[in-house]
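Written out below as structure tokens is the structure these notes cover.
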Amino acid sequence: MKTLTVNIVTPDGPVYDSEVDMIIAKTASGEIGILPGHIPMVAPLVIGAVKLKKDGKTEYVAVNGGFVEVRPEKVTILAQSSEVASSIDLARAKEAMKRAEERLQGKQDTTDFSRAELSLKRAMNRINVYEGNI
């Protein structure tokens, strides 16, 4: 069976580099599935999990925005931040979620609600990816 080369890169460096059978990612217009030979395209990503299927197993990577570039035999994801499920610090993610929830419930005039909401989404995504609740 044909495979795709997948590279996930952040400003801090590479996060993932491997051959996979299929990729499922959340874009601004919905989920896309990418198989070898897919038509070339570029799409903006939203906060969510990237599912990487290989040899009947699925790996998850938490991605916080960015872009996916698809070529017939290679997919590159340029993400603002990203973590493989096995490297997520669950305690840190839960603490970030707690802080974001407190900011949203604080109802102070100085609270930047859109920033707090994005922080909450990122933390929940990391927790869901770590726990496999995708």
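So you can find residues: chains in the structure tokens are A, B, ... in the order shown, residues in each start at 1, and ligands are numbered from 1 in order.
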Q: For segment 72-74 of chain A, list every protein, DNA or RNA residue within 12 Å, evaluated using only C-alpha atoms, and leave out those in the same chain fewer than 6 positions away; present the list as a PyMOL selection string.
A: chain A and resi 2-8+17-23+34-41
(Q) Based on the backbone DSSP call, show me all residues of chain A assigned strand (DSSP E or B), as JSON, numbers by chain. (A) {"A": [4, 5, 6, 7, 8, 9, 10, 13, 14, 15, 16, 17, 18, 19, 20, 22, 23, 24, 25, 26, 27, 30, 31, 32, 33, 34, 41, 42, 43, 44, 45, 46, 47, 48, 49, 50, 51, 52, 53, 54, 57, 58, 59, 60, 61, 62, 63, 64, 65, 66, 67, 68, 69, 70, 71, 74, 75, 76, 77, 78, 79, 82, 83, 84]}
Q.
Could you check the closest approach to Tyr60 of chain A for each of A:Lys98, A:Tyr16, A:Val84, A:Glu117 and tell me which residue wins, using only C-alpha atoms?
A. A:Val84
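When atom CA of Ala123 of chain A is paired with atom CA of Ala25 of chain A, their separation reads 17.9 Å.
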Q: Skip Glu59 of chain A itself and residues of its chain fewer than 4 positions away, then list as JSON, numbers by chain all residues within 10 Å of it, counting only C-alpha atoms.
A: {"A": [20, 23, 49, 50, 51, 52, 53, 54, 84, 85, 86, 129, 132]}
Q. Could you write out, as a PyMOL selection string, all the residues of chain A that DSSP marks as helix (DSSP H, G or I)?
A. chain A and resi 85-87+90-106+113-131
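Restricting the calculation to only C-alpha atoms, the smallest distance between Ser119 of chain A and any of A:Leu104, A:Val68, A:Ala91, A:Ile32 is found for A:Leu104.
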Skip Ser81 of chain A itself and residues of its chain fewer than 3 positions away, then list as a tab-separated table (two decimals) with C-alpha atoms, in the first residue's frame all residues within 8 Å of it, counting only C-alpha atoms.
```tsv
chain	number	residue	atom	x	y	z
A	10	THR	CA	6.20	24.51	14.56
A	11	PRO	CA	8.28	27.65	15.11
A	63	VAL	CA	-2.47	21.06	16.58
A	64	ASN	CA	-3.30	24.66	17.46
A	65	GLY	CA	-4.00	26.35	14.16
```
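For the pair atom CA of Ile134 of chain A and atom CA of Gly33 of chain A, the interatomic distance is 15.1 Å.
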**Q.** Straight-line distance linking atom CA of Ile47 of chain A with atom CA of Asn125 of chain A, stated in Å to one decimal
**A.** 7.1 Å
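Closest approach to Arg122 of chain A among A:Ala79, A:Asp55, A:Gly48, A:Ile88: A:Gly48, based on only C-alpha atoms.
Compared by their closest atoms to Ile127 of chain A, and using only C-alpha atoms, the residues A:Asp89, A:Asp12, A:Glu31, A:Glu69 rank with A:Asp89 nearest.
Shortest separation to Pro44 of chain A among A:Val61, A:Ile24, A:Ala116, A:Ile77 occurs at residue A:Ile77, atoms counted being only C-alpha atoms.
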Q. Looking at only C-alpha atoms, which of A:Val75, A:Ala100, A:Ala28, A:Leu45 is the one that sits closest to Phe113 of chain A?
A. A:Ala100
(Q) List as number ranges by chain the protein and nucleic acid residues near Leu78 of chain A, meaning an atom at most 6 Å away when only C-alpha atoms are counted, but skip any in the same chain fewer than 6 places from it. (A) A: 9-10, 66-67
